[in-house]
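One file, structure-v6.cif, is given below (mmCIF, C-alpha atoms).
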```cif
data_final
loop_
_atom_site.label_atom_id
_atom_site.label_comp_id
_atom_site.auth_asym_id
_atom_site.auth_seq_id
_atom_site.Cartn_x
_atom_site.Cartn_y
_atom_site.Cartn_z
CA MET O 699 -126.07 -61.07 -113.55
CA PRO O 700 -123.28 -58.61 -114.43
CA ALA O 701 -124.10 -54.91 -114.35
CA THR O 702 -124.94 -53.10 -117.58
CA ILE O 703 -122.28 -50.54 -118.51
CA TYR O 704 -122.72 -47.99 -121.29
CA TYR O 705 -120.11 -46.08 -123.26
CA ALA O 706 -120.14 -43.25 -125.80
CA ALA O 707 -121.20 -45.52 -128.63
CA ASP O 708 -124.36 -46.39 -126.69
CA ALA O 709 -125.47 -42.78 -126.21
CA ASP O 710 -127.31 -40.47 -128.60
CA PRO O 711 -125.94 -36.94 -128.09
CA SER O 712 -128.77 -35.44 -130.14
CA ILE O 713 -131.34 -36.20 -127.43
CA ILE O 714 -129.92 -33.80 -124.83
CA GLY O 715 -128.65 -31.56 -127.61
CA ALA O 716 -132.22 -30.88 -128.67
CA ARG O 717 -133.37 -29.93 -125.15
CA THR O 718 -133.02 -26.82 -123.04
CA VAL O 719 -131.46 -27.69 -119.68
CA ALA O 720 -131.58 -25.96 -116.31
CA VAL O 721 -128.91 -26.83 -113.75
CA ILE O 722 -130.19 -25.88 -110.31
CA GLY O 723 -127.24 -25.02 -108.10
CA TYR O 724 -123.67 -24.02 -108.91
CA GLY O 725 -121.65 -25.80 -106.25
CA SER O 726 -119.27 -28.71 -106.71
CA GLN O 727 -121.44 -30.73 -109.11
CA GLY O 728 -123.46 -27.81 -110.45
CA HIS O 729 -120.54 -25.92 -111.96
CA ALA O 730 -119.15 -29.09 -113.55
CA HIS O 731 -122.46 -30.18 -115.07
CA ALA O 732 -123.27 -26.73 -116.40
CA LEU O 733 -119.86 -26.10 -117.96
CA ASN O 734 -119.53 -29.60 -119.43
CA LEU O 735 -123.03 -29.43 -120.91
CA ARG O 736 -122.30 -26.00 -122.37
CA ASP O 737 -119.04 -27.21 -123.89
CA SER O 738 -120.89 -30.19 -125.38
CA GLY O 739 -123.18 -27.81 -127.24
CA VAL O 740 -126.19 -28.06 -124.94
CA ASP O 741 -128.41 -25.04 -124.34
CA VAL O 742 -127.96 -24.68 -120.58
CA ARG O 743 -128.82 -22.10 -117.96
CA VAL O 744 -128.12 -22.03 -114.21
CA GLY O 745 -130.89 -21.55 -111.66
CA LEU O 746 -129.88 -19.85 -108.41
CA ARG O 747 -131.59 -18.35 -105.38
CA GLU O 748 -131.81 -14.59 -105.09
CA GLY O 749 -128.58 -13.29 -103.61
CA SER O 750 -126.62 -16.49 -104.25
CA GLY O 751 -122.88 -16.06 -103.93
CA SER O 752 -122.44 -18.33 -106.94
CA ARG O 753 -124.04 -15.89 -109.39
CA GLU O 754 -120.82 -14.03 -110.15
CA LYS O 755 -118.91 -17.29 -110.69
CA ALA O 756 -121.49 -18.63 -113.12
CA GLU O 757 -121.76 -15.36 -115.04
CA ALA O 758 -117.97 -15.02 -115.18
CA ALA O 759 -117.88 -18.47 -116.78
CA GLY O 760 -120.24 -17.19 -119.48
CA LEU O 761 -123.32 -19.06 -118.30
CA PRO O 762 -126.79 -17.48 -118.32
CA VAL O 763 -128.17 -17.24 -114.78
CA ARG O 764 -131.86 -17.17 -113.89
CA SER O 765 -133.94 -17.44 -110.77
CA ILE O 766 -134.71 -21.07 -110.02
CA ALA O 767 -138.33 -20.66 -111.06
CA ASP O 768 -137.44 -18.90 -114.32
CA ALA O 769 -134.81 -21.50 -115.17
CA ALA O 770 -137.33 -24.28 -114.56
CA ALA O 771 -139.95 -22.52 -116.68
CA GLU O 772 -137.55 -22.19 -119.62
CA ALA O 773 -136.09 -25.69 -119.49
CA GLU O 774 -137.31 -29.03 -120.73
CA VAL O 775 -134.77 -30.88 -118.55
CA ILE O 776 -134.14 -29.81 -114.95
CA MET O 777 -131.13 -31.16 -113.04
CA LEU O 778 -131.57 -30.53 -109.30
CA LEU O 779 -128.13 -30.27 -107.71
CA ALA O 780 -128.97 -28.55 -104.43
CA PRO O 781 -128.20 -30.31 -101.12
CA ASP O 782 -130.59 -33.15 -100.22
CA THR O 783 -132.18 -31.22 -97.36
CA ASP O 784 -132.83 -28.16 -99.55
CA GLN O 785 -134.41 -30.05 -102.41
CA PRO O 786 -137.99 -30.46 -101.08
CA ALA O 787 -138.49 -26.72 -100.53
CA ILE O 788 -136.91 -25.83 -103.87
CA PHE O 789 -139.09 -28.40 -105.60
CA GLU O 790 -142.35 -27.19 -104.04
CA GLU O 791 -141.67 -23.47 -104.38
CA SER O 792 -139.87 -23.20 -107.70
CA LEU O 793 -139.93 -26.41 -109.73
CA ALA O 794 -143.32 -28.09 -109.32
CA PRO O 795 -145.31 -25.20 -110.87
CA HIS O 796 -143.23 -25.51 -114.05
CA LEU O 797 -143.09 -29.30 -114.47
CA ALA O 798 -145.34 -29.58 -117.47
CA GLU O 799 -146.06 -32.99 -118.97
CA GLY O 800 -143.16 -34.31 -121.03
CA LYS O 801 -140.46 -32.50 -119.09
CA ALA O 802 -137.71 -34.34 -117.21
CA LEU O 803 -136.51 -33.94 -113.62
CA LEU O 804 -133.00 -35.26 -113.01
CA PHE O 805 -131.01 -35.88 -109.85
CA ALA O 806 -127.38 -36.71 -109.06
CA HIS O 807 -128.35 -38.53 -105.85
CA GLY O 808 -131.52 -40.48 -105.14
CA PHE O 809 -132.14 -39.44 -101.51
CA ALA O 810 -135.17 -37.19 -102.03
CA ILE O 811 -136.93 -39.65 -104.31
CA ARG O 812 -135.97 -42.80 -102.41
CA PHE O 813 -137.33 -41.46 -99.12
CA GLY O 814 -140.38 -39.69 -100.53
CA LEU O 815 -139.30 -36.11 -99.82
CA ILE O 816 -140.28 -35.16 -103.38
CA SER O 817 -143.23 -36.49 -105.39
CA PRO O 818 -142.94 -35.43 -109.04
CA PRO O 819 -146.10 -35.31 -111.16
CA ARG O 820 -146.88 -38.45 -113.14
CA GLY O 821 -146.38 -36.87 -116.57
CA VAL O 822 -142.66 -36.11 -116.20
CA ASP O 823 -139.60 -38.32 -116.55
CA VAL O 824 -137.63 -38.77 -113.33
CA ALA O 825 -134.08 -40.04 -113.73
CA MET O 826 -130.66 -39.89 -112.14
CA VAL O 827 -127.19 -39.15 -113.51
CA ALA O 828 -124.70 -39.48 -110.67
CA PRO O 829 -120.97 -38.97 -111.40
CA LYS O 830 -118.80 -41.03 -109.07
CA GLY O 831 -116.44 -38.20 -108.24
CA PRO O 832 -116.45 -34.62 -106.95
CA GLY O 833 -117.31 -31.80 -109.32
CA HIS O 834 -113.78 -30.46 -109.72
CA LEU O 835 -112.75 -33.89 -111.01
CA VAL O 836 -115.79 -34.15 -113.31
CA ARG O 837 -114.80 -30.84 -114.85
CA ARG O 838 -111.05 -31.39 -114.99
CA THR O 839 -111.24 -34.81 -116.62
CA TYR O 840 -113.76 -33.56 -119.18
CA VAL O 841 -111.49 -30.66 -120.16
CA GLY O 842 -108.61 -33.12 -120.45
CA GLY O 843 -110.57 -35.34 -122.83
CA GLY O 844 -111.56 -37.98 -120.28
CA GLY O 845 -114.45 -38.50 -117.95
CA VAL O 846 -115.57 -39.70 -114.54
CA PRO O 847 -117.75 -42.84 -114.37
CA ALA O 848 -121.40 -42.26 -113.52
CA LEU O 849 -124.53 -44.10 -112.48
CA ILE O 850 -127.87 -43.70 -114.26
CA ALA O 851 -131.29 -44.78 -113.07
CA VAL O 852 -134.92 -44.20 -113.98
CA ASP O 853 -137.62 -43.82 -111.35
CA GLN O 854 -140.45 -42.67 -113.64
CA ASP O 855 -140.53 -43.18 -117.39
CA ALA O 856 -143.42 -41.01 -118.52
CA THR O 857 -142.21 -40.55 -122.10
CA GLY O 858 -140.72 -43.99 -122.67
CA ARG O 859 -137.32 -42.42 -123.32
CA ALA O 860 -136.12 -41.51 -119.83
CA ARG O 861 -133.18 -43.92 -119.92
CA ASP O 862 -132.05 -42.63 -123.31
CA LEU O 863 -132.27 -39.06 -122.02
CA ALA O 864 -130.25 -39.87 -118.89
CA LEU O 865 -127.60 -41.61 -120.98
CA SER O 866 -127.44 -38.70 -123.40
CA TYR O 867 -127.03 -36.29 -120.46
CA ALA O 868 -124.29 -38.51 -118.99
CA ASP O 869 -122.54 -38.44 -122.36
CA ALA O 870 -122.66 -34.65 -122.47
CA ILE O 871 -120.90 -34.32 -119.10
CA GLY O 872 -118.20 -36.79 -120.21
CA ALA O 873 -119.26 -39.84 -118.21
CA THR O 874 -119.58 -42.23 -121.17
CA ARG O 875 -115.87 -41.76 -121.84
CA ALA O 876 -115.23 -43.71 -118.64
CA GLY O 877 -118.37 -45.86 -118.39
CA VAL O 878 -121.94 -45.43 -117.16
CA LEU O 879 -123.42 -48.07 -114.87
CA ALA O 880 -127.16 -48.74 -114.83
CA THR O 881 -128.64 -48.91 -111.32
CA THR O 882 -131.79 -47.93 -109.40
CA PHE O 883 -132.60 -44.97 -107.18
CA ALA O 884 -132.84 -47.29 -104.17
CA GLU O 885 -129.53 -49.04 -104.82
CA GLU O 886 -127.62 -45.81 -105.44
CA THR O 887 -129.04 -44.09 -102.38
CA GLU O 888 -128.66 -46.97 -99.96
CA THR O 889 -125.14 -47.96 -101.04
CA ASP O 890 -124.03 -44.32 -101.12
CA LEU O 891 -125.24 -43.65 -97.57
CA PHE O 892 -123.80 -46.93 -96.32
CA GLY O 893 -120.40 -46.24 -97.89
CA GLU O 894 -120.27 -42.75 -96.41
CA GLN O 895 -121.28 -43.83 -92.94
CA VAL O 896 -119.44 -47.13 -92.56
CA VAL O 897 -116.29 -46.76 -94.66
CA LEU O 898 -115.49 -43.52 -96.46
CA CYS O 899 -116.30 -40.96 -93.78
CA GLY O 900 -117.71 -42.36 -90.54
CA GLY O 901 -115.74 -45.58 -90.40
CA LEU O 902 -112.47 -44.08 -91.60
CA THR O 903 -112.46 -41.01 -89.35
CA ALA O 904 -113.47 -43.03 -86.29
CA LEU O 905 -110.73 -45.58 -87.04
CA ILE O 906 -108.10 -42.85 -87.47
CA GLN O 907 -109.08 -41.13 -84.22
CA ALA O 908 -109.23 -44.39 -82.27
CA GLY O 909 -105.77 -45.42 -83.51
CA PHE O 910 -104.34 -42.02 -82.61
CA GLU O 911 -105.91 -42.12 -79.15
CA THR O 912 -104.62 -45.64 -78.49
CA LEU O 913 -101.01 -44.69 -79.27
CA VAL O 914 -101.12 -41.45 -77.28
CA GLU O 915 -102.71 -43.19 -74.29
CA ALA O 916 -99.87 -45.71 -74.42
CA GLY O 917 -97.33 -42.89 -74.08
CA TYR O 918 -96.25 -42.32 -77.68
CA GLU O 919 -95.73 -38.79 -78.97
CA PRO O 920 -98.85 -37.29 -80.63
CA GLU O 921 -96.78 -36.31 -83.65
CA SER O 922 -95.72 -39.91 -84.26
CA ALA O 923 -99.28 -41.09 -83.75
CA TYR O 924 -100.52 -38.49 -86.27
CA PHE O 925 -98.10 -39.61 -88.98
CA GLU O 926 -98.84 -43.29 -88.50
CA CYS O 927 -102.64 -43.08 -88.15
CA LEU O 928 -103.59 -40.16 -90.41
CA HIS O 929 -100.80 -38.82 -92.62
CA GLU O 930 -99.94 -42.17 -94.21
CA VAL O 931 -103.58 -43.06 -94.94
CA LYS O 932 -103.30 -41.22 -98.26
CA LEU O 933 -100.34 -43.36 -99.33
CA ILE O 934 -102.29 -46.56 -98.75
CA VAL O 935 -105.55 -45.25 -100.25
CA ASP O 936 -103.73 -44.12 -103.40
CA LEU O 937 -102.25 -47.60 -103.82
CA ILE O 938 -105.67 -49.21 -103.34
CA TYR O 939 -107.28 -46.71 -105.74
CA GLU O 940 -104.70 -47.42 -108.44
CA HIS O 941 -104.03 -51.15 -107.95
CA GLY O 942 -106.73 -52.63 -105.71
CA ILE O 943 -106.25 -54.18 -102.27
CA SER O 944 -103.99 -56.97 -103.54
CA GLY O 945 -101.89 -54.43 -105.43
CA MET O 946 -101.49 -52.37 -102.28
CA ARG O 947 -100.38 -55.43 -100.33
CA TYR O 948 -97.82 -56.21 -103.02
CA SER O 949 -96.41 -52.67 -102.73
CA VAL O 950 -95.98 -52.45 -98.96
CA SER O 951 -93.43 -54.36 -96.89
CA THR O 952 -94.02 -58.02 -96.10
CA THR O 953 -94.17 -57.03 -92.42
CA ALA O 954 -97.01 -54.60 -93.18
CA GLU O 955 -98.76 -57.15 -95.36
CA TYR O 956 -98.63 -59.84 -92.68
CA GLY O 957 -99.95 -57.39 -90.09
CA ASP O 958 -102.73 -56.43 -92.50
CA LEU O 959 -103.78 -60.01 -93.15
CA THR O 960 -103.65 -61.21 -89.54
CA ARG O 961 -104.66 -58.16 -87.47
CA GLY O 962 -107.12 -56.38 -89.76
CA PRO O 963 -109.85 -58.98 -89.14
CA ARG O 964 -109.38 -58.53 -85.38
CA VAL O 965 -110.24 -54.83 -85.73
CA ILE O 966 -113.09 -55.31 -88.20
CA ASN O 967 -114.51 -58.30 -86.34
CA ASP O 968 -117.95 -59.90 -86.09
CA ALA O 969 -119.17 -57.22 -83.69
CA VAL O 970 -118.22 -54.48 -86.16
CA ARG O 971 -119.87 -56.35 -89.02
CA ALA O 972 -123.04 -56.71 -86.94
CA GLU O 973 -123.05 -52.95 -86.37
CA MET O 974 -122.59 -52.41 -90.10
CA ARG O 975 -125.69 -54.51 -90.73
CA ARG O 976 -127.65 -52.45 -88.18
CA ILE O 977 -126.57 -49.23 -89.88
CA LEU O 978 -127.62 -50.60 -93.27
CA ALA O 979 -131.00 -51.57 -91.82
CA GLU O 980 -131.49 -48.00 -90.53
CA ILE O 981 -130.75 -46.69 -94.02
CA ARG O 982 -133.03 -49.11 -95.83
CA ASP O 983 -136.05 -48.71 -93.56
CA GLY O 984 -135.84 -44.91 -93.58
CA ARG O 985 -134.79 -44.35 -89.95
CA PHE O 986 -131.60 -42.53 -90.92
CA ALA O 987 -133.42 -40.30 -93.43
CA GLU O 988 -136.07 -39.45 -90.84
CA GLU O 989 -133.39 -38.68 -88.25
CA TRP O 990 -131.36 -36.54 -90.65
CA VAL O 991 -134.32 -34.55 -91.94
CA GLY O 992 -135.46 -33.96 -88.35
CA GLU O 993 -131.97 -32.81 -87.37
CA PHE O 994 -131.89 -30.40 -90.32
CA ARG O 995 -135.32 -28.96 -89.54
CA ALA O 996 -134.31 -28.47 -85.91
CA GLY O 997 -131.37 -26.31 -86.96
CA LEU O 998 -128.62 -28.97 -86.74
CA PRO O 999 -128.09 -28.89 -82.94
CA GLU O 1000 -126.50 -32.34 -82.61
CA MET O 1001 -124.48 -32.01 -85.81
CA THR O 1002 -123.13 -28.64 -84.64
CA ARG O 1003 -122.17 -30.11 -81.26
CA LEU O 1004 -120.41 -33.07 -82.86
CA ARG O 1005 -118.60 -30.81 -85.33
CA GLU O 1006 -117.16 -28.80 -82.45
CA VAL O 1007 -116.12 -31.95 -80.60
CA GLY O 1008 -114.35 -33.16 -83.76
CA LYS O 1009 -112.55 -29.87 -84.30
CA ALA O 1010 -111.28 -29.91 -80.72
CA HIS O 1011 -109.89 -33.45 -80.94
CA PRO O 1012 -106.13 -33.55 -80.26
CA ILE O 1013 -105.46 -35.07 -83.68
CA GLU O 1014 -106.79 -31.87 -85.28
CA VAL O 1015 -104.60 -29.67 -83.07
CA VAL O 1016 -101.48 -31.70 -83.79
CA GLY O 1017 -102.38 -32.06 -87.46
CA GLU O 1018 -102.83 -28.35 -88.06
CA ARG O 1019 -99.34 -27.69 -86.71
CA LEU O 1020 -97.72 -30.49 -88.68
CA ARG O 1021 -99.47 -29.64 -91.95
CA ALA O 1022 -98.16 -26.08 -91.66
CA MET O 1023 -94.67 -27.60 -91.89
CA MET O 1024 -95.62 -29.37 -95.14
CA PRO O 1025 -96.94 -26.73 -97.58
CA PHE O 1026 -96.70 -29.23 -100.43
CA ILE O 1027 -99.74 -31.05 -99.00
CA GLY O 1028 -102.20 -28.34 -100.06
CA ALA O 1029 -100.86 -27.92 -103.59
CA GLY O 1030 -103.49 -29.13 -106.03
CA SER O 1031 -105.53 -30.89 -103.40
CA ALA O 1032 -109.31 -30.92 -103.09
CA ARG O 1033 -110.78 -28.28 -100.81
CA PRO O 1034 -113.86 -28.78 -98.61
CA GLN O 1035 -116.07 -26.80 -101.00
CA ASP O 1036 -115.07 -29.11 -103.86
CA VAL O 1037 -117.10 -31.95 -102.39
CA SER O 1038 -120.05 -30.03 -100.99
CA GLY O 1039 -123.49 -30.28 -102.46
CA GLY O 1040 -124.21 -26.56 -102.58
#
```

Take the structure from the file and write it as structure tokens.
Amino acid sequence: MPATIYYAADADPSIIGARTVAVIGYGSQGHAHALNLRDSGVDVRVGLREGSGSREKAEAAGLPVRSIADAAAEAEVIMLLAPDTDQPAIFEESLAPHLAEGKALLFAHGFAIRFGLISPPRGVDVAMVAPKGPGHLVRRTYVGGGGVPALIAVDQDATGRARDLALSYADAIGATRAGVLATTFAEETETDLFGEQVVLCGGLTALIQAGFETLVEAGYEPESAYFECLHEVKLIVDLIYEHGISGMRYSVSTTAEYGDLTRGPRVINDAVRAEMRRILAEIRDGRFAEEWVGEFRAGLPEMTRLREVGKAHPIEVVGERLRAMMPFIGAGSARPQDVSGG
């Protein structure tokens, strides 16, 4: 069955327009949601921790800022945009006491609900509005009259109108201009984690490093290996993003296309696919979530160690030097904080 996709004509802007909204967090997604909601005529306030470095940014943008608890007390709709690992504590300390019956708790990622880190009271709506792009893009496209596609899902429909509310919220941040896909908390969470681990982050970075190492070990100059295995990735990804895989193959040389078609399956072979299935199983049965939450609570010892190993990799040393020769690379590009959850 094809997925259900909603557009602006399917949404009722008056639903979110009649509610007071609290956006908890003012990081990548938080600033975009809050500003887009405000510009759509929604009564919005930002909830931040005491001493948050984001307070000045939010106030400078003309947004009212409250403590998280005060924002939750004032609002009928609460969008929790803090990092996954911070959400349980924020929920227990500052949100739960103010979740009166009939209110709505929204998320932009289903992790905390899918893996039982948060248990909202039965009388509130629990839904998700998840833009499929970083916050700077959500904001920029909205200002330009467009939008970034989003996913919506309902985990708990206490009022009978949770889906309509989520769709109205998605409309207010500009998502219905591009299309809003109906999904579930489980599907969004599991596919998101899988994509990050196997393709977008884990798979891609490991592939880049392994390719670089293979060329350098064979005696090629690190600079050449860097350009071939990292620098040109953007060129190929942009072609795939704009035209799909077949469109990319049409755009590259026939030599590159033949190498793609015949050698790619030797790299991503049956053993790799079997490992992908094992990783997906760890996500679906909760082992990854348990591991990650345990790592966070322990103070991130293994993550810190692996970060340092990654930073010391020769491809980072070579890359830093080469990128300094190409100042045009940084112009208008996304920065690390643009895709953080804070």

Task: Explicit residues for the PyMOL selection byres ((chain O and resi 832-841) around 6) (as a VMD selection string) - done: chain O and resid 726 to 727 730 831 842 to 846 872 1037

Which residues, named as in the file, does the PyMOL selection byres ((chain O and resi 798) around 12) pick out? Answer as a PDB file with C-alpha atoms, in the frame of the given file.
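Dumped to expr.pdb:
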```
ATOM      1  CA  ALA O 770    -137.330 -24.280-114.560  1.00  0.00           C
ATOM      2  CA  ALA O 771    -139.950 -22.520-116.680  1.00  0.00           C
ATOM      3  CA  GLU O 772    -137.550 -22.190-119.620  1.00  0.00           C
ATOM      4  CA  ALA O 773    -136.090 -25.690-119.490  1.00  0.00           C
ATOM      5  CA  GLU O 774    -137.310 -29.030-120.730  1.00  0.00           C
ATOM      6  CA  VAL O 775    -134.770 -30.880-118.550  1.00  0.00           C
ATOM      7  CA  ILE O 776    -134.140 -29.810-114.950  1.00  0.00           C
ATOM      8  CA  LEU O 793    -139.930 -26.410-109.730  1.00  0.00           C
ATOM      9  CA  ALA O 794    -143.320 -28.090-109.320  1.00  0.00           C
ATOM     10  CA  PRO O 795    -145.310 -25.200-110.870  1.00  0.00           C
ATOM     11  CA  HIS O 796    -143.230 -25.510-114.050  1.00  0.00           C
ATOM     12  CA  LEU O 797    -143.090 -29.300-114.470  1.00  0.00           C
ATOM     13  CA  GLU O 799    -146.060 -32.990-118.970  1.00  0.00           C
ATOM     14  CA  GLY O 800    -143.160 -34.310-121.030  1.00  0.00           C
ATOM     15  CA  LYS O 801    -140.460 -32.500-119.090  1.00  0.00           C
ATOM     16  CA  ALA O 802    -137.710 -34.340-117.210  1.00  0.00           C
ATOM     17  CA  LEU O 803    -136.510 -33.940-113.620  1.00  0.00           C
ATOM     18  CA  PRO O 818    -142.940 -35.430-109.040  1.00  0.00           C
ATOM     19  CA  PRO O 819    -146.100 -35.310-111.160  1.00  0.00           C
ATOM     20  CA  ARG O 820    -146.880 -38.450-113.140  1.00  0.00           C
ATOM     21  CA  GLY O 821    -146.380 -36.870-116.570  1.00  0.00           C
ATOM     22  CA  VAL O 822    -142.660 -36.110-116.200  1.00  0.00           C
ATOM     23  CA  ASP O 823    -139.600 -38.320-116.550  1.00  0.00           C
ATOM     24  CA  ALA O 856    -143.420 -41.010-118.520  1.00  0.00           C
TER      25      ALA O 856
END
```

Open item on the list: One number please: CA of Leu879 (chain O) to CA of Ile703 (chain O), in Å, one decimal.
Closed with: 4.5 Å

Can you pull out every residue within 12 Å of Pro1012 (chain O), counting all atoms listed in the file, but drop anything in the same chain fewer than 2 positions away, and send it as a CSV table (one decimal) with C-alpha atoms, in the coordinates of the input?
```
chain,number,residue,atom,x,y,z
O,906,ILE,CA,-108.1,-42.8,-87.5
O,907,GLN,CA,-109.1,-41.1,-84.2
O,908,ALA,CA,-109.2,-44.4,-82.3
O,910,PHE,CA,-104.3,-42.0,-82.6
O,911,GLU,CA,-105.9,-42.1,-79.2
O,914,VAL,CA,-101.1,-41.4,-77.3
O,915,GLU,CA,-102.7,-43.2,-74.3
O,919,GLU,CA,-95.7,-38.8,-79.0
O,920,PRO,CA,-98.8,-37.3,-80.6
O,921,GLU,CA,-96.8,-36.3,-83.6
O,923,ALA,CA,-99.3,-41.1,-83.8
O,924,TYR,CA,-100.5,-38.5,-86.3
O,1007,VAL,CA,-116.1,-32.0,-80.6
O,1008,GLY,CA,-114.4,-33.2,-83.8
O,1009,LYS,CA,-112.6,-29.9,-84.3
O,1010,ALA,CA,-111.3,-29.9,-80.7
O,1014,GLU,CA,-106.8,-31.9,-85.3
O,1015,VAL,CA,-104.6,-29.7,-83.1
O,1016,VAL,CA,-101.5,-31.7,-83.8
O,1017,GLY,CA,-102.4,-32.1,-87.5
O,1018,GLU,CA,-102.8,-28.4,-88.1
O,1019,ARG,CA,-99.3,-27.7,-86.7
```

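The residues returned by the PyMOL selection byres ((chain O and resi 738) around 10) on the shown structure are O:Pro711, O:Ile714, O:Gly715, O:Ala732, O:Leu733, O:Asn734, O:Leu735, O:Arg736, O:Asp737, O:Gly739, O:Val740, O:Asp741, O:Tyr867, O:Asp869, O:Ala870, O:Ile871, O:Gly872.
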
Would you save the residues of that selection, restricted to C-alpha atoms, as a compact mmCIF listing (two decimals), in the frame of the given file?
```txt
# COMPACT_ATOMS: atom_id res chain seq x y z
CA PRO O 711 -125.94 -36.94 -128.09
CA ILE O 714 -129.92 -33.80 -124.83
CA GLY O 715 -128.65 -31.56 -127.61
CA ALA O 732 -123.27 -26.73 -116.40
CA LEU O 733 -119.86 -26.10 -117.96
CA ASN O 734 -119.53 -29.60 -119.43
CA LEU O 735 -123.03 -29.43 -120.91
CA ARG O 736 -122.30 -26.00 -122.37
CA ASP O 737 -119.04 -27.21 -123.89
CA GLY O 739 -123.18 -27.81 -127.24
CA VAL O 740 -126.19 -28.06 -124.94
CA ASP O 741 -128.41 -25.04 -124.34
CA TYR O 867 -127.03 -36.29 -120.46
CA ASP O 869 -122.54 -38.44 -122.36
CA ALA O 870 -122.66 -34.65 -122.47
CA ILE O 871 -120.90 -34.32 -119.10
CA GLY O 872 -118.20 -36.79 -120.21
```

- [ ] Name all residues at most 9 Å from Leu863 (chain O) (count all atoms listed in the file; drop same-chain ones fewer than 2 positions away) and give them as a list in words.
- [x] Ala709, Asp710, Ile713, Ile714, Ala802, Ala825, Arg859, Ala860, Arg861, Leu865, Ser866, Tyr867 and Ala868 of chain O

Put those residues in a file: C-alpha atoms, as a PDB file, keeping the file's coordinate frame.
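Listing of selection_16.pdb after writing:
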```
ATOM      1  CA  ALA O 709    -125.470 -42.780-126.210  1.00  0.00           C
ATOM      2  CA  ASP O 710    -127.310 -40.470-128.600  1.00  0.00           C
ATOM      3  CA  ILE O 713    -131.340 -36.200-127.430  1.00  0.00           C
ATOM      4  CA  ILE O 714    -129.920 -33.800-124.830  1.00  0.00           C
ATOM      5  CA  ALA O 802    -137.710 -34.340-117.210  1.00  0.00           C
ATOM      6  CA  ALA O 825    -134.080 -40.040-113.730  1.00  0.00           C
ATOM      7  CA  ARG O 859    -137.320 -42.420-123.320  1.00  0.00           C
ATOM      8  CA  ALA O 860    -136.120 -41.510-119.830  1.00  0.00           C
ATOM      9  CA  ARG O 861    -133.180 -43.920-119.920  1.00  0.00           C
ATOM     10  CA  LEU O 865    -127.600 -41.610-120.980  1.00  0.00           C
ATOM     11  CA  SER O 866    -127.440 -38.700-123.400  1.00  0.00           C
ATOM     12  CA  TYR O 867    -127.030 -36.290-120.460  1.00  0.00           C
ATOM     13  CA  ALA O 868    -124.290 -38.510-118.990  1.00  0.00           C
TER      14      ALA O 868
END
```

Residues within 8 Å of region 972-986 of chain O, all atoms listed in the file, excluding chain neighbours under 6 positions, as an mmCIF file with C-alpha atoms, keeping the file's coordinate frame:
```
data_model
loop_
_atom_site.group_PDB
_atom_site.id
_atom_site.type_symbol
_atom_site.label_atom_id
_atom_site.label_comp_id
_atom_site.auth_asym_id
_atom_site.auth_seq_id
_atom_site.Cartn_x
_atom_site.Cartn_y
_atom_site.Cartn_z
ATOM 1 C CA PHE O 813 -137.330 -41.460 -99.120
ATOM 2 C CA GLU O 888 -128.660 -46.970 -99.960
ATOM 3 C CA LEU O 891 -125.240 -43.650 -97.570
ATOM 4 C CA PHE O 892 -123.800 -46.930 -96.320
ATOM 5 C CA VAL O 896 -119.440 -47.130 -92.560
#
```

TODO: Check the smallest atom-to-atom distance from each of O:Cys927, O:Glu1006, O:Ala767, O:Arg971 to Ala904 (chain O) using all atoms listed in the file, then report the winner.
DONE: O:Cys927

Open item on the list: One decimal, in Å: what's the spacing between CA of Ala758 (chain O) and CA of Pro781 (chain O)?
Closed with: 23.2 Å

- [ ] May I ask for the distance between CA of Arg812 (chain O) and CA of Pro999 (chain O), given in Å to one decimal place?
- [x]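 That distance, rounded to one decimal, is 25.2 Å.
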
TODO: Tell me, as a VMD selection string, which residues lie within 9 Å of Asp782 (chain O), counting all atoms listed in the file; anything in the same chain fewer than 5 positions away does not count.
DONE: chain O and resid 807 to 810 1039

Adding 5 Å on each side of the box along x, y and z that holds all listed atoms of region 902-908 of chain O, could you give its centre and edge lengths in Å to one decimal, as AutoDock Vina command-line options?
```
--center_x -110.8 --center_y -43.3 --center_z -86.9 --size_x 15.4 --size_y 14.6 --size_z 19.3
```

Task: Top pick for closest residue to Arg717 (chain O), considering O:Gly997, O:Tyr704, O:His731, O:Val742 and counting all atoms listed in the file - done: O:Val742

TODO: Rank O:Ile850, O:Ala780, O:Val744, O:Met826 by their smallest atom-to-atom distance to Ala701 (chain O), using all atoms listed in the file, and report the top residue only.
DONE: O:Ile850

TODO: Show which residues sit within 12 Å of Glu993 (chain O), as a PyMOL selection string. Count all atoms listed in the file, and ignore same-chain residues fewer than 6 positions away.
DONE: chain O and resi 783+986-987+999-1003

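For the choices O:Ala916, O:Leu998, O:Val852, O:Ala706, the atom-to-atom distance to Thr882 (chain O) is smallest for O:Val852 when using all atoms listed in the file.
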